[in-house]
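Working notes for the structure below.
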Amino acid sequence: MATIDLIVLGILKKAPMSAYDIQKLVEYRNISKWVKISTPSIYKKAIQLEEKGLIQAEIVKEGKMPEKAIYSLTEAGHTEFERLMFEIASKPISIFLDFNAVIVNIDSLPPEKQKKCVAEISSNIKTLKAYLKENISEKKNKPEIPTTGMAVLQQQFVLVKAIEDWIASLEIELF
């Protein structure tokens, strides 16, 4: 998947690191909240990118710790990073919201179950909004958080607020 390739290559463009460190950075930056990426996919992707010659591993041993592979971009990796940046940037924007599968089928349920489903979605949106608000508050004055990372958090917050407003109008329309 090109998106995961771009995430991994982009992280390694900034600094060489192990797959474990990439995974921890993805967790810390909450990347999996806005891009479908999992811990096992990062490890698999590192191996695939190395096989393609886009990254290279240097085996290092620190003290009594076991050996680990530290990955860095090759020249081909730098080229692929830029190619992916422009390829993905030029694609039409798609927003996939899994709960839309519920919305398009909501009229197949009795009214009381429709309300329950919409209430569940609404509750989950409120939870996500609170999480994003807290995350933004925690990270907004930390110099190690890139401006672009904060921009994505703010984008997600704006989208969640819009979905929250939409859900409220849907509830009025349906019920």
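Letters A, B, ... go to the chains of the structure tokens in the order shown; residues in each chain start at 1; ligands are counted from 1 in the same order.
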Considering only strand (DSSP E) as DSSP defines it on the backbone, what residues of chain A qualify? List them as a VMD selection string. chain A and resid 55 to 60 68 to 73
If we count only C-alpha atoms, what is near A:Ala57 at a cut-off of 7 Å, once residues fewer than 4 positions away on the same chain are taken out, given as a PDB file with C-alpha atoms, in the first residue's frame?
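Output contents, as saved in selection.pdb:
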```
ATOM      1  CA  ALA A  69      18.353  -3.539  12.310  1.00  0.00           C
ATOM      2  CA  ILE A  70      18.545   0.232  11.909  1.00  0.00           C
ATOM      3  CA  TYR A  71      16.985   1.249   8.611  1.00  0.00           C
ATOM      4  CA  SER A  72      17.913   4.214   6.470  1.00  0.00           C
TER       5      SER A  72
END
```
Quick one: of A:Leu84, A:Ile145, A:Leu174, A:Ile136, who's nearest to A:Cys117, counting only C-alpha atoms?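 Checking each of A:Leu84, A:Ile145, A:Leu174, A:Ile136 against A:Cys117, counting only C-alpha atoms, the winner is A:Leu174.
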Coordinates-based distance that separates atom CA of A:Val152 from atom CA of A:Glu120 (Å, one decimal):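 Straight-line distance from atom CA of A:Glu120 to atom CA of A:Val152 works out to 25.2 Å.
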Might you pull out every residue within 12 Å of A:Ala130, with only C-alpha atoms counted and same-chain residues fewer than 3 positions away left off, and present them as number ranges by chain? A: 123-127, 133-137, 156-157, 160-161, 164
Please provide the set of residues having any atom within 12 Å of stretch 85-91 of chain A, restricted to only C-alpha atoms, with same-chain residues fewer than 6 positions apart removed, written as a VMD selection string. chain A and resid 1 to 7 9 to 10 78 to 79
Write a file of the just-selected residues containing N, CA and C atoms, as a CSV table (one decimal), in the first residue's frame.
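Okay, this is what ended up in again.csv:
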```csv
chain,number,residue,atom,x,y,z
A,1,MET,N,0.8,-1.2,0.0
A,1,MET,CA,0.0,0.0,0.0
A,1,MET,C,0.9,1.2,0.0
A,2,ALA,N,0.6,2.1,-0.9
A,2,ALA,CA,1.5,3.3,-1.1
A,2,ALA,C,1.5,4.2,0.1
A,3,THR,N,0.4,4.3,0.9
A,3,THR,CA,0.3,5.2,2.0
A,3,THR,C,1.3,4.7,3.1
A,4,ILE,N,1.3,3.4,3.4
A,4,ILE,CA,2.2,2.9,4.4
A,4,ILE,C,3.6,3.1,3.9
A,5,ASP,N,3.9,2.8,2.7
A,5,ASP,CA,5.2,3.1,2.1
A,5,ASP,C,5.7,4.5,2.4
A,6,LEU,N,4.8,5.5,2.1
A,6,LEU,CA,5.1,6.9,2.3
A,6,LEU,C,5.3,7.2,3.8
A,7,ILE,N,4.5,6.7,4.7
A,7,ILE,CA,4.7,6.9,6.1
A,7,ILE,C,6.1,6.4,6.5
A,9,LEU,N,8.8,5.6,4.7
A,9,LEU,CA,9.9,6.3,4.0
A,9,LEU,C,10.0,7.7,4.6
A,10,GLY,N,8.9,8.4,4.8
A,10,GLY,CA,9.0,9.7,5.4
A,10,GLY,C,9.6,9.8,6.8
A,78,HIS,N,14.9,7.7,-1.5
A,78,HIS,CA,14.7,9.1,-1.5
A,78,HIS,C,13.8,9.5,-2.8
A,79,THR,N,14.2,8.8,-3.9
A,79,THR,CA,13.4,9.1,-5.1
A,79,THR,C,12.0,8.6,-5.0
```
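Among the candidates A:Ser94, A:Ser18, A:Ser32, A:Gln114, the residue lying nearest to A:Gln56 is A:Ser18 (atoms considered: only C-alpha atoms).
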From a DSSP pass on the backbone, collect the residues of chain A flagged as alpha helix (DSSP H) and hand them back as a VMD selection string. chain A and resid 2 to 14 19 to 28 39 to 51 75 to 89 100 to 105 111 to 139 147 to 174
Skipping near chain neighbours, those fewer than 6 positions away, what residues fall within 10 Å of A:Ser122 using only C-alpha atoms, listed as a list of chain:residue names?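 Residues meeting the cut-off are A:Lys116, A:Leu128, A:Ile163, A:Glu164, A:Asp165, A:Trp166, A:Ile167, A:Ala168, A:Glu171.
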